[in-house]
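Novice: My questions will all concern the structure given below.
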Number of protein chains: 4
Amino acid sequence: MRSITAGDDSDSQVDASQVIGKAATVEHRFEPTHYHRTFGSHEPVLRVRPGDTIVTTTADAGGFDARGERVADPGNPLTGPFFVEGAEPGDALIVRVDRVTPSRPHGFTRTSIAAHVVDAADVPRLPAAERVDWAVDVARGLARLETGAAALPVIEVPLRPMLGCIGVAPALRQAISTATSGPYGGNMDYRGVEPGVTLQFPVFEPGALLFVGDGHAVQGEGEIVGTGVEISMDVTVTVDLAKVRPLRWPRGETADHLFTLGNARPLDQALQHATSELLRWLEAGYGLDAGVASHLLGQCVEYDIGNVFDPAYTVACKLAKRFLPAPR
Amino acid sequence: MRSITAGDDSDSQVDASQVIGKAATVEHRFEPTHYHRTFGSHEPVLRVRPGDTIVTTTADAGGFDARGERVADPGNPLTGPFFVEGAEPGDALIVRVDRVTPSRPHGFTRTSIAAHVVDAADVPRLPAAERVDWAVDVARGLARLETGAAALPVIEVPLRPMLGCIGVAPALRQAISTATSGPYGGNMDYRGVEPGVTLQFPVFEPGALLFVGDGHAVQGEGEIVGTGVEISMDVTVTVDLAKVRPLRWPRGETADHLFTLGNARPLDQALQHATSELLRWLEAGYGLDAGVASHLLGQCVEYDIGNVFDPAYTVACKLAKRFLPAPR
Amino acid sequence: MRSITAGDDSDSQVDASQVIGKAATVEHRFEPTHYHRTFGSHEPVLRVRPGDTIVTTTADAGGFDARGERVADPGNPLTGPFFVEGAEPGDALIVRVDRVTPSRPHGFTRTSIAAHVVDAADVPRLPAAERVDWAVDVARGLARLETGAAALPVIEVPLRPMLGCIGVAPALRQAISTATSGPYGGNMDYRGVEPGVTLQFPVFEPGALLFVGDGHAVQGEGEIVGTGVEISMDVTVTVDLAKVRPLRWPRGETADHLFTLGNARPLDQALQHATSELLRWLEAGYGLDAGVASHLLGQCVEYDIGNVFDPAYTVACKLAKRFLPAPR
Amino acid sequence: MRSITAGDDSDSQVDASQVIGKAATVEHRFEPTHYHRTFGSHEPVLRVRPGDTIVTTTADAGGFDARGERVADPGNPLTGPFFVEGAEPGDALIVRVDRVTPSRPHGFTRTSIAAHVVDAADVPRLPAAERVDWAVDVARGLARLETGAAALPVIEVPLRPMLGCIGVAPALRQAISTATSGPYGGNMDYRGVEPGVTLQFPVFEPGALLFVGDGHAVQGEGEIVGTGVEISMDVTVTVDLAKVRPLRWPRGETADHLFTLGNARPLDQALQHATSELLRWLEAGYGLDAGVASHLLGQCVEYDIGNVFDPAYTVACKLAKRFLPAPR
């Protein structure tokens with residue numbers, strides 16, 4: 001672990017209660033030397049303050065870094081955890097995703113649509129699982145696969161880099177596999193975890209303990225083949241805190257939308273979690289009563305599917321901010 | 001029932017095998033005098049030929065027409081069925097939706113998010129179901145609700161007119177309630193059933209027997225309050241046939257996308273049906289093998305939720321046409 | 001259709017309001033000449049009165065009768081419907097199952113566990129679907145399959161004859177395939193539909209319109225291969241009415257237990273329907289408040305699975321009668 | 001932690017490879033001094049050898065011991081973990097449940113059927129959650145609740161003591177809340193975890209790390225109120241090892257039946273896991289091919305529901321041993 005902290009050293013004199021989410025401008029560079037296979041209360045690799053920025057890297061889902069060298073065991077190795085000073089259970093950790101950029105020119109996918117994403121009767125004719133490599137051209141913004149098939153020799157898809165894994169330490173000092181997700185975030189494989197989004201996570205442990213990993217250069221909705229274009233990433237996030245803001249599920253905000261994330265099986269339950277969380281947000285955050293919130297969501301809500309591949313599926317419940325009054 | 005058929009009378013001389021999907025220009029005007037509460041093998045109200053256009057109207061989900069008069073029992077009364085000459089089991093009925101326009105200046109919704117769309121623990125605090133009226137201004141393209149709530153006195157939503165119910169007679173001479181959906185279409189409440197879309201339905205009975213109804217001036221994704229802005233509609237559709245094209249689920253095409261519709265509970269199974277159907281379409285319609293189709297869908301697929309309110313939920317599985325070769 | 005009515009002709013003098021469930025002793029013999037593939041408001045084959053007994057036969061699921069001759073199309077052909085005089089929507093039709101006896105010495109099953117009953121990853125190694133015949137020995141009470149496999153050359157299972165299909169005409173004059181089930185009963189494949197049970201069905205149409213079919217000489221719980229030992233049956237049932245007893249789902253009673261049947265997917269929802277119906281029964285039928293009913297069910301409830309094969313799954317929610325006070 | 005080891009000390013001379021499951025007669029008495037809220041790779045409290053017996057106690061789900069004193073935080077505190085010498089990943093840990101006896105004369109339940117176990121529309125009328133105490137009379141074998149309700153003043157239920165929680169350390173050094181379950185066992189709330197059963201668990205970590213807790217004096221199927229009659233227990237188990245026997249899910253055996261346990265949501269998936277595991281057992285353990293196993297399970301399988309309350313539901317898939325050949 002090498003951690004280099006830049007910025008105004010005088011901030012150590014500032015009362016923490018004043019700087020939450022406001023003035024901090026410290027940028028930390030952190031290069032991981034070990035990785036985690038679980039979201040859990042592991043030893044922090046770096047301590048940061050609300051408002052600080054973390055510039056770091058992630059290995060790909062198979063454990064390979066920007067040079068294509070194996071640096072971790074496969075299975076979504078995580079960078080972190082980052083301890084955020086002042087974060088206490090019951091707070092919300094705020095994570096602005098500033099940058100998610102592929103750090104090498106190739107990524108991999110696996111062939112087959114997952115057996116549990118098609119009709120059971122269609123399972124026998126699914127293709128064998130096979131790993132293939134895509135060329136990833138950040139400058140041109142394209143991922144390209146040469147298929148060798150006459151009917152479609154080349155698949156070329158615009159890049160949309162995102163993080164499949166992001167979250168904090170779960171409650172009860174649990175340690176939960178990076179294969180799945182829960183109220184703490186985790187392996188949600190939601191395409192909305194991309195530069196420009198600001199996420200909120202419920203804090204369960206002191207310091208929140210933020211993890212990131214599992215970058216995808218691009219990914220179809222639902223991650224139905226079990227991979228996006230898996231690739232190592234350069235990642236920059238800026239953290240902040242909202243004190244005493246009880247969330248039950250991750251939330252997020254883009255320029256245009258609010259959204260909430262529910263993680264569960266079946267998909268119905270993930271959708272229920274996300275819808276309930278957005279309803280609570282409209283009530284507590286915007287002063288809407290349940291009736292008005294019902295009318296508004298009823299005619300304006302949108303849903304995205306994060307993944308239907310992992311043990312817990314992910315659904316995003318979204319509302320365009322143009323329909324809302326100012327937050328309270 | 002009054003049916004007025006316009007157009008070139010000479011088409012009665014034409015060999016039916018030649019006109020499929022090509023030269024027909026007949027426009028039928030049909031004003032319903034009775035409605036159906038089931039998709040079934042009911043007596044046709046009009047017989048049309050492939051290529052013909054039907055100009056008709058639908059009552060709202062509560063059975064009220066353009067003048068606000070009750071003309072049918074509540075519960076998604078259907079206009080139809082329309083018998084399409086030459087349609088046989090195993091064919092696909094093609095329905096281009098030309099026009100769906102609200103035919104009066106008000107629609108209704110019900111208040112509450114459905115109990116089964118939120119966490120079970122949140123059900124007790126849902127608002128009481130209450131019917132409210134929205135002003136619908138077709139010229140300005142807006143639906144407007146005055147809520148009486150200080151925090152959000154007015155909700156104003158851009159119109160996006162659609163049909164909640166569309167489909168054909170089910171297999172086995174079943175008659176199935178307009179509350180639900182299946183391989184024959186039905187009450188899918190999919191926002192993509194809007195002007196410009198071209199739908200395909202599997203044909204189970206001679207003549208296919210097309211029904212339409214349940215217009216929404218606008219509707220949130222999932223129809224989570226159990227209603228869109230329910231309203232009577234002026235509807236125009238143009239029908240056609242594809243012979244011997246076995247579909248298992250409804251399909252559709254817009255300017256940019258192919259999509260398939262799966263109807264089932266839980267949502268997972270609706271998604272499986274839709275994904276399997278799109279996979280079959282790519283294989284049979286575009287000559288892709290399952291491996292290439294897997295790669296393509298894996299990184300490019302999109303999903304929409306039709307409804308999570310009805311007994312069968314609806315999921316659309318979509319693919320942008322720009323990734324595809326020419327259809328075979 | 002041949003219908004022979006035996007019994008005391010003088011019952012035609014009796015006031016119908018007095019005989020409900022009491023004195024009737026008429027026995028009708030009915031031999032079907034046609035069969036139905038849907039539960040629907042079809043033309044009655046016989047009209048009976050509350051208290052009457054119907055002695056009839058059913059073809060097997062493939063449409064073969066006691067002589068092994070094809071008499072109907074495959075897919076659970078139904079005997080009926082029987083019109084019960086005085087049955088009105090809102091009543092409960094009471095059906096005592098007196099006799100279900102295999103009427104020939106052989107039945108068939110299909111080989112493979114259904115793809116949707118095992119993990120998706122195990123689907124490719126399921127055996128091919130293959131029809132096999134079992135010897136059915138009613139005198140010895142055994143079904144016997146010679147497998148030809150060294151490890152287990154013979155499977156011999158005690159008979160437990162039951163009806164896979166039983167129910168009434170659905171609401172809204174729907175006609176619903178014998179492949180599935182709903183509030184009206186249907187293809188529930190519940191092993192508890194056997195001699196000695198008394199079932200109750202909600203009445204949706206005048207006369208209730210009772211159907212029976214799909215006999216199994218024996219069946220595993222869940223009908224996971226999609227068949228029991230499919231066989232033609234001699235069936236005797238005695239019908240009765242309870243006026244103005246609103247049921248939402250079928251109910252039943254054995255010597256020892258009350259039970260309710262919920263039909264839906266996923267299995268969770270079938271269980272919810274059944275549990276809610278038993279809760280309502282305890283409240284309205286036994287005067288328990290929801291708190292006491294909760295305590296009782298919480299520590300004493302039992303569940304059976306009807307089927308996990310059909311489009312709607314079936315769950316029975318059961319309570320031993322020894323824990324209950326006298327019904328009101 | 002006080003551990004007293006009784007038995008023949010000479011067993012320390014015996015080659016471990018010989019004693020697996022055979023000669024060991026050591027009985028360890030272990031009284032817990034701390035408890036765990038997660039199944040995880042925690043520090044063992046006792047090391048035992050295959051064949052050894054462990055005599056211990058468990059606190060109730062609320063953290064109260066035999067004297068009614070709080071000894072642990074609420075939420076299914078676990079006794080253990082017990083390290084079994086020689087257990088390696090890929091083995092099966094065998095646990096014979098010798099004794100589960102309530103250690104005090106009272107237990108508690110909570111009132112209400114869980115909101116997610118009834119129809120969503122019925123949730124608002126469920127009773128408020130309330131804790132009540134039952135008298136538990138081990139000598140008479142009865143649990144008794146005085147309800148105060150005229151319609152049913154007393155509920156008296158035969159005892160059927162069981163352990164709600166039993167399992168080993170999960171894979172990947174995860175630590176998973178005692179609220180849920182998985183391939184490692186956990187909070188399965190299966191009534192079959194009672195004296196006389198022999199369980200098998202997949203081993204993920206050296207020593208297996210066995211935990212027990214959450215005793216119920218009696219429990220309804222499904223644990224639909226979220227509790228059995230929660231009580232402290234005297235527990236005796238005897239452990240053993242089967243080397244290199246890859247299980248994916250817990251298995252068990254009684255005098256009459258084999259069973260497997262699947263843990264997941266929805267219930268459908270728990271049933272799939274359990275059915276697949278039993279199919280694998282019949283193939284690898286009894287030499288049946290998939291076709292014969294299909295025939296046998298198709299007509300003879302039985303299912304129990306463990307719980308439909310916890311985040312993961314539990315289903316047992318069972319087969320009577322009388323239908324089986326000798327194990328290989």
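Letters A, B, ... mark the chains of the structure tokens in the order given; residue numbers begin at 1 per chain; ligand numbers begin at 1, in order shown.
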Any idea what's packed within 10 Å of stretch 109-112 of chain A, counting only C-alpha atoms, ignoring anything in its chain fewer than 3 positions away? Could you give it as JSON, numbers by chain?

Specialist: {"A": [115, 126, 127, 128, 129, 130, 131, 132, 133, 134, 145, 216, 219, 224, 225, 226, 227, 228, 229, 230, 231], "B": [290, 291, 292, 293, 294, 295, 296, 297, 298, 299]}

Novice: Both chains have the same sequence, so match all Cα atoms in order, fit chain B onto chain D by least squares, and return it as a short mmCIF file (atom, residue, chain, number, x, y, z; two decimals) with C-alpha atoms, in the first residue's frame.

Specialist:
```
data_model
loop_
_atom_site.label_atom_id
_atom_site.label_comp_id
_atom_site.auth_asym_id
_atom_site.auth_seq_id
_atom_site.Cartn_x
_atom_site.Cartn_y
_atom_site.Cartn_z
CA MET B 1 -15.28 -20.89 27.87
CA ARG B 2 -14.98 -24.01 29.94
CA SER B 3 -14.34 -27.24 28.14
CA ILE B 4 -14.22 -30.57 29.87
CA THR B 5 -13.19 -33.53 27.81
CA ALA B 6 -14.16 -36.99 29.00
CA GLY B 7 -13.28 -40.37 27.57
CA ASP B 8 -10.35 -42.52 26.69
CA ASP B 9 -7.26 -40.40 26.63
CA SER B 10 -5.41 -43.02 24.62
CA ASP B 11 -7.23 -41.95 21.49
CA SER B 12 -4.56 -39.35 21.04
CA GLN B 13 -2.34 -42.21 19.90
CA VAL B 14 -4.65 -43.31 17.16
CA ASP B 15 -3.98 -42.53 13.53
CA ALA B 16 -6.62 -40.02 12.56
CA SER B 17 -7.14 -41.68 9.20
CA GLN B 18 -8.39 -44.78 10.94
CA VAL B 19 -10.88 -43.26 13.35
CA ILE B 20 -12.99 -41.36 10.92
CA GLY B 21 -16.54 -42.21 11.74
CA LYS B 22 -15.67 -45.37 13.60
CA ALA B 23 -14.26 -45.87 17.04
CA ALA B 24 -14.29 -42.51 18.74
CA THR B 25 -16.23 -42.31 21.96
CA VAL B 26 -15.00 -39.07 23.47
CA GLU B 27 -17.68 -36.84 24.96
CA HIS B 28 -16.89 -33.17 25.39
CA ARG B 29 -18.89 -30.95 27.67
CA PHE B 30 -18.81 -27.35 26.61
CA GLU B 31 -20.52 -24.42 28.28
CA PRO B 32 -20.42 -21.26 26.14
CA THR B 33 -19.17 -18.02 27.59
CA HIS B 34 -19.57 -15.97 24.43
CA TYR B 35 -21.75 -16.24 21.35
CA HIS B 36 -21.61 -15.30 17.67
CA ARG B 37 -24.02 -13.38 15.50
CA THR B 38 -22.50 -14.67 12.28
CA PHE B 39 -21.54 -17.98 10.77
CA GLY B 40 -17.88 -17.32 10.02
CA SER B 41 -14.29 -18.37 10.47
CA HIS B 42 -14.23 -17.40 14.13
CA GLU B 43 -11.79 -18.70 16.73
CA PRO B 44 -12.80 -22.27 17.65
CA VAL B 45 -14.09 -22.75 21.19
CA LEU B 46 -13.30 -26.46 21.17
CA ARG B 47 -11.42 -28.91 18.99
CA VAL B 48 -12.93 -32.35 18.59
CA ARG B 49 -12.20 -35.42 16.53
CA PRO B 50 -14.44 -37.28 14.14
CA GLY B 51 -16.67 -39.55 16.20
CA ASP B 52 -16.65 -37.25 19.20
CA THR B 53 -19.77 -36.11 21.00
CA ILE B 54 -20.33 -32.53 22.13
CA VAL B 55 -22.67 -31.82 25.03
CA THR B 56 -23.46 -28.14 25.18
CA THR B 57 -26.17 -25.51 25.60
CA THR B 58 -27.70 -22.78 23.49
CA ALA B 59 -29.19 -19.45 24.47
CA ASP B 60 -32.56 -18.54 23.00
CA ALA B 61 -32.96 -16.31 19.92
CA GLY B 62 -33.20 -13.28 22.18
CA GLY B 63 -29.94 -14.06 23.98
CA PHE B 64 -31.39 -15.50 27.21
CA ASP B 65 -30.12 -18.68 28.79
CA ALA B 66 -31.63 -21.47 30.88
CA ARG B 67 -31.91 -19.23 33.94
CA GLY B 68 -33.65 -16.55 31.88
CA GLU B 69 -30.61 -14.31 32.07
CA ARG B 70 -29.33 -12.31 29.14
CA VAL B 71 -26.01 -13.76 28.08
CA ALA B 72 -25.83 -12.53 24.49
CA ASP B 73 -27.16 -9.90 22.15
CA PRO B 74 -30.47 -10.80 20.56
CA GLY B 75 -30.68 -12.25 17.06
CA ASN B 76 -29.94 -15.97 17.17
CA PRO B 77 -26.66 -16.00 19.12
CA LEU B 78 -24.67 -19.11 18.26
CA THR B 79 -22.76 -21.58 20.38
CA GLY B 80 -19.44 -22.57 18.79
CA PRO B 81 -17.60 -22.88 16.56
CA PHE B 82 -16.37 -26.41 17.07
CA PHE B 83 -13.28 -27.35 15.08
CA VAL B 84 -13.37 -30.90 13.76
CA GLU B 85 -9.88 -32.29 13.32
CA GLY B 86 -9.14 -33.40 9.79
CA ALA B 87 -12.03 -31.59 8.13
CA GLU B 88 -10.90 -30.01 4.86
CA PRO B 89 -12.72 -28.13 2.12
CA GLY B 90 -14.49 -30.64 -0.10
CA ASP B 91 -15.29 -33.02 2.75
CA ALA B 92 -18.69 -33.45 4.34
CA LEU B 93 -19.15 -32.78 8.03
CA ILE B 94 -21.59 -35.27 9.51
CA VAL B 95 -23.58 -34.14 12.53
CA ARG B 96 -25.87 -36.53 14.36
CA VAL B 97 -28.32 -34.63 16.53
CA ASP B 98 -28.62 -36.66 19.70
CA ARG B 99 -30.47 -34.36 22.03
CA VAL B 100 -32.32 -31.04 21.83
CA THR B 101 -34.15 -30.49 25.10
CA PRO B 102 -35.63 -27.22 26.41
CA SER B 103 -33.66 -26.15 29.47
CA ARG B 104 -36.27 -23.93 31.08
CA PRO B 105 -40.05 -23.93 31.48
CA HIS B 106 -40.95 -20.98 29.25
CA GLY B 107 -40.39 -19.74 25.72
CA PHE B 108 -41.53 -16.76 23.71
CA THR B 109 -43.15 -16.10 20.37
CA ARG B 110 -44.18 -12.99 18.51
CA THR B 111 -47.73 -12.38 17.44
CA SER B 112 -48.07 -11.63 13.88
CA ILE B 113 -47.91 -13.63 10.72
CA ALA B 114 -45.19 -11.96 8.66
CA ALA B 115 -46.37 -9.36 6.19
CA HIS B 116 -44.66 -11.18 3.34
CA VAL B 117 -46.45 -14.46 4.06
CA VAL B 118 -49.97 -13.15 3.37
CA ASP B 119 -51.47 -11.35 0.37
CA ALA B 120 -50.20 -7.78 0.27
CA ALA B 121 -53.80 -6.56 0.53
CA ASP B 122 -54.16 -8.33 3.88
CA VAL B 123 -51.13 -6.72 5.49
CA PRO B 124 -52.94 -3.74 7.05
CA ARG B 125 -55.18 -5.96 9.15
CA LEU B 126 -52.40 -8.10 10.64
CA PRO B 127 -52.11 -7.76 14.41
CA ALA B 128 -49.38 -5.66 15.95
CA ALA B 129 -46.17 -7.54 16.73
CA GLU B 130 -46.27 -8.45 20.39
CA ARG B 131 -44.10 -10.80 22.39
CA VAL B 132 -45.91 -13.44 24.43
CA ASP B 133 -44.67 -16.18 26.73
CA TRP B 134 -45.60 -19.82 26.51
CA ALA B 135 -45.33 -22.32 29.33
CA VAL B 136 -43.14 -25.23 28.22
CA ASP B 137 -43.65 -28.49 30.08
CA VAL B 138 -40.99 -30.97 28.98
CA ALA B 139 -42.35 -33.75 31.17
CA ARG B 140 -45.82 -33.56 29.63
CA GLY B 141 -44.44 -32.63 26.24
CA LEU B 142 -46.60 -29.54 25.82
CA ALA B 143 -46.29 -25.83 25.08
CA ARG B 144 -49.22 -23.79 26.36
CA LEU B 145 -50.34 -20.24 25.69
CA GLU B 146 -53.18 -18.54 27.52
CA THR B 147 -54.57 -16.19 24.92
CA GLY B 148 -57.22 -14.35 26.90
CA ALA B 149 -59.55 -14.73 23.93
CA ALA B 150 -63.02 -16.16 24.55
CA ALA B 151 -63.05 -18.08 21.27
CA LEU B 152 -59.85 -19.95 22.10
CA PRO B 153 -58.64 -19.24 25.63
CA VAL B 154 -55.78 -21.79 25.52
CA ILE B 155 -53.51 -23.04 22.76
CA GLU B 156 -51.75 -26.25 23.70
CA VAL B 157 -49.27 -27.75 21.27
CA PRO B 158 -47.16 -30.91 21.55
CA LEU B 159 -43.45 -30.13 21.88
CA ARG B 160 -41.18 -30.90 18.95
CA PRO B 161 -37.82 -29.46 19.96
CA MET B 162 -35.49 -28.44 17.14
CA LEU B 163 -32.60 -26.16 16.29
CA GLY B 164 -33.35 -23.17 14.04
CA CYS B 165 -29.64 -22.55 13.42
CA ILE B 166 -27.03 -25.13 12.55
CA GLY B 167 -24.17 -24.95 10.10
CA VAL B 168 -20.52 -24.42 9.37
CA ALA B 169 -18.23 -21.55 8.35
CA PRO B 170 -19.14 -20.34 4.83
CA ALA B 171 -16.75 -20.24 1.89
CA LEU B 172 -14.31 -17.39 1.20
CA ARG B 173 -13.98 -16.62 4.91
CA GLN B 174 -17.32 -14.91 4.72
CA ALA B 175 -19.16 -14.09 7.95
CA ILE B 176 -22.90 -14.19 7.40
CA SER B 177 -25.66 -13.07 9.73
CA THR B 178 -27.59 -15.64 11.75
CA ALA B 179 -30.73 -14.15 10.22
CA THR B 180 -30.23 -16.07 7.01
CA SER B 181 -28.88 -19.29 5.48
CA GLY B 182 -26.96 -20.68 2.54
CA PRO B 183 -24.98 -23.69 1.33
CA TYR B 184 -23.26 -23.76 4.74
CA GLY B 185 -26.60 -24.23 6.57
CA GLY B 186 -27.43 -21.36 8.90
CA ASN B 187 -30.80 -20.14 10.08
CA MET B 188 -32.86 -22.70 8.20
CA ASP B 189 -35.61 -23.08 10.79
CA TYR B 190 -36.31 -26.58 9.54
CA ARG B 191 -38.35 -28.72 11.89
CA GLY B 192 -36.40 -31.76 10.79
CA VAL B 193 -33.31 -30.57 12.71
CA GLU B 194 -34.41 -32.58 15.70
CA PRO B 195 -33.10 -35.52 17.74
CA GLY B 196 -32.49 -38.56 15.58
CA VAL B 197 -31.54 -36.77 12.42
CA THR B 198 -28.08 -37.02 10.91
CA LEU B 199 -27.04 -33.99 8.90
CA GLN B 200 -24.25 -33.47 6.38
CA PHE B 201 -22.71 -30.08 5.60
CA PRO B 202 -20.22 -29.15 2.89
CA VAL B 203 -16.90 -28.16 4.49
CA PHE B 204 -15.48 -24.83 3.29
CA GLU B 205 -12.82 -24.11 5.91
CA PRO B 206 -10.32 -26.34 7.74
CA GLY B 207 -12.03 -27.81 10.79
CA ALA B 208 -15.48 -27.14 9.30
CA LEU B 209 -16.33 -24.90 12.31
CA LEU B 210 -19.71 -26.11 13.50
CA PHE B 211 -22.22 -23.72 15.14
CA VAL B 212 -25.60 -24.39 16.80
CA GLY B 213 -28.33 -22.14 18.19
CA ASP B 214 -31.87 -20.76 17.96
CA GLY B 215 -33.74 -23.61 19.67
CA HIS B 216 -37.51 -23.91 19.28
CA ALA B 217 -39.62 -25.98 21.68
CA VAL B 218 -42.05 -26.28 18.77
CA GLN B 219 -42.49 -24.38 15.51
CA GLY B 220 -45.10 -24.28 12.79
CA GLU B 221 -43.96 -25.16 9.28
CA GLY B 222 -42.47 -22.10 7.59
CA GLU B 223 -41.91 -20.19 10.85
CA ILE B 224 -44.49 -17.75 9.52
CA VAL B 225 -44.58 -15.57 12.64
CA GLY B 226 -40.79 -15.31 12.62
CA THR B 227 -40.41 -17.37 15.76
CA GLY B 228 -40.98 -20.84 17.04
CA VAL B 229 -41.43 -21.10 20.79
CA GLU B 230 -37.98 -19.61 21.36
CA ILE B 231 -36.13 -21.27 24.21
CA SER B 232 -32.72 -22.18 25.57
CA MET B 233 -31.68 -25.78 24.94
CA ASP B 234 -29.49 -28.58 26.14
CA VAL B 235 -27.90 -29.90 22.99
CA THR B 236 -25.88 -32.99 22.22
CA VAL B 237 -24.39 -33.69 18.83
CA THR B 238 -21.93 -36.26 17.53
CA VAL B 239 -19.70 -35.28 14.65
CA ASP B 240 -18.02 -37.27 11.96
CA LEU B 241 -16.39 -36.75 8.59
CA ALA B 242 -16.84 -38.11 5.11
CA LYS B 243 -13.71 -37.34 3.13
CA VAL B 244 -13.94 -35.96 -0.40
CA ARG B 245 -17.70 -35.96 -0.68
CA PRO B 246 -18.64 -32.80 -2.48
CA LEU B 247 -22.02 -31.51 -1.37
CA ARG B 248 -23.44 -28.28 -2.61
CA TRP B 249 -26.20 -28.05 0.01
CA PRO B 250 -26.87 -29.60 3.41
CA ARG B 251 -28.22 -33.13 3.43
CA GLY B 252 -29.86 -35.23 6.09
CA GLU B 253 -31.10 -38.68 6.95
CA THR B 254 -33.73 -39.96 9.34
CA ALA B 255 -34.78 -43.51 10.06
CA ASP B 256 -37.10 -43.37 7.06
CA HIS B 257 -35.99 -40.64 4.72
CA LEU B 258 -33.16 -38.96 2.90
CA PHE B 259 -33.50 -35.22 2.52
CA THR B 260 -31.64 -32.23 1.15
CA LEU B 261 -31.99 -28.58 2.10
CA GLY B 262 -32.03 -25.66 -0.34
CA ASN B 263 -31.81 -22.09 0.96
CA ALA B 264 -32.75 -19.14 -1.29
CA ARG B 265 -35.47 -16.75 -2.33
CA PRO B 266 -37.93 -17.12 -3.86
CA LEU B 267 -39.22 -20.41 -2.53
CA ASP B 268 -39.02 -21.77 -6.08
CA GLN B 269 -35.26 -21.44 -6.05
CA ALA B 270 -34.88 -23.07 -2.63
CA LEU B 271 -36.88 -25.97 -4.04
CA GLN B 272 -34.67 -26.11 -7.14
CA HIS B 273 -31.49 -26.24 -5.04
CA ALA B 274 -32.90 -29.00 -2.84
CA THR B 275 -34.22 -31.05 -5.76
CA SER B 276 -30.94 -30.80 -7.68
CA GLU B 277 -29.01 -31.86 -4.59
CA LEU B 278 -31.21 -34.92 -4.05
CA LEU B 279 -30.87 -35.83 -7.71
CA ARG B 280 -27.07 -35.68 -7.34
CA TRP B 281 -27.28 -37.81 -4.20
CA LEU B 282 -29.28 -40.51 -5.96
CA GLU B 283 -26.83 -40.54 -8.83
CA ALA B 284 -23.54 -40.51 -6.92
CA GLY B 285 -24.70 -42.27 -3.76
CA TYR B 286 -27.05 -44.93 -5.15
CA GLY B 287 -25.87 -45.39 -8.72
CA LEU B 288 -29.15 -44.35 -10.31
CA ASP B 289 -29.01 -42.73 -13.73
CA ALA B 290 -30.88 -39.47 -14.23
CA GLY B 291 -33.77 -41.23 -15.97
CA VAL B 292 -34.44 -43.71 -13.19
CA ALA B 293 -33.95 -41.01 -10.57
CA SER B 294 -36.50 -38.90 -12.44
CA HIS B 295 -39.07 -41.69 -12.41
CA LEU B 296 -38.47 -42.34 -8.74
CA LEU B 297 -38.57 -38.73 -7.60
CA GLY B 298 -41.43 -37.93 -9.95
CA GLN B 299 -43.81 -40.31 -8.18
CA CYS B 300 -42.28 -40.46 -4.67
CA VAL B 301 -40.71 -37.13 -3.77
CA GLU B 302 -41.96 -35.12 -0.80
CA TYR B 303 -41.24 -31.54 0.21
CA ASP B 304 -41.18 -29.73 3.54
CA ILE B 305 -40.90 -26.00 3.97
CA GLY B 306 -38.30 -24.93 6.52
CA ASN B 307 -39.01 -21.25 6.71
CA VAL B 308 -40.61 -18.54 4.58
CA PHE B 309 -39.62 -15.81 6.99
CA ASP B 310 -35.86 -15.28 6.74
CA PRO B 311 -34.01 -13.52 3.91
CA ALA B 312 -33.31 -16.94 2.41
CA TYR B 313 -36.20 -19.41 2.54
CA THR B 314 -35.60 -23.12 3.14
CA VAL B 315 -37.10 -26.14 1.38
CA ALA B 316 -36.40 -29.80 2.17
CA CYS B 317 -36.63 -32.31 -0.67
CA LYS B 318 -37.29 -35.80 0.72
CA LEU B 319 -37.39 -39.38 -0.42
CA ALA B 320 -38.46 -42.40 1.61
CA LYS B 321 -35.56 -44.83 1.87
CA ARG B 322 -37.80 -47.83 1.28
CA PHE B 323 -37.83 -47.01 -2.45
CA LEU B 324 -34.05 -47.08 -2.70
CA PRO B 325 -31.43 -49.76 -3.28
CA ALA B 326 -28.53 -50.02 -0.85
CA PRO B 327 -26.17 -47.04 -0.99
CA ARG B 328 -22.93 -47.62 -2.81
#
```

Novice: Identify all residues of stretch 174-279 of chain D in alpha helix (DSSP H) (DSSP on the backbone) and supply them as a PyMOL selection string.

Specialist: chain D and resi 267-279

Novice: As an MDAnalysis selection string, please: every residue in stretch 73-180 of chain D that DSSP puts in strand (DSSP E or B).

Specialist: chainID D and resid 78:84 92:102 106:110 131:137 142:146 154:158 162:167 175:177
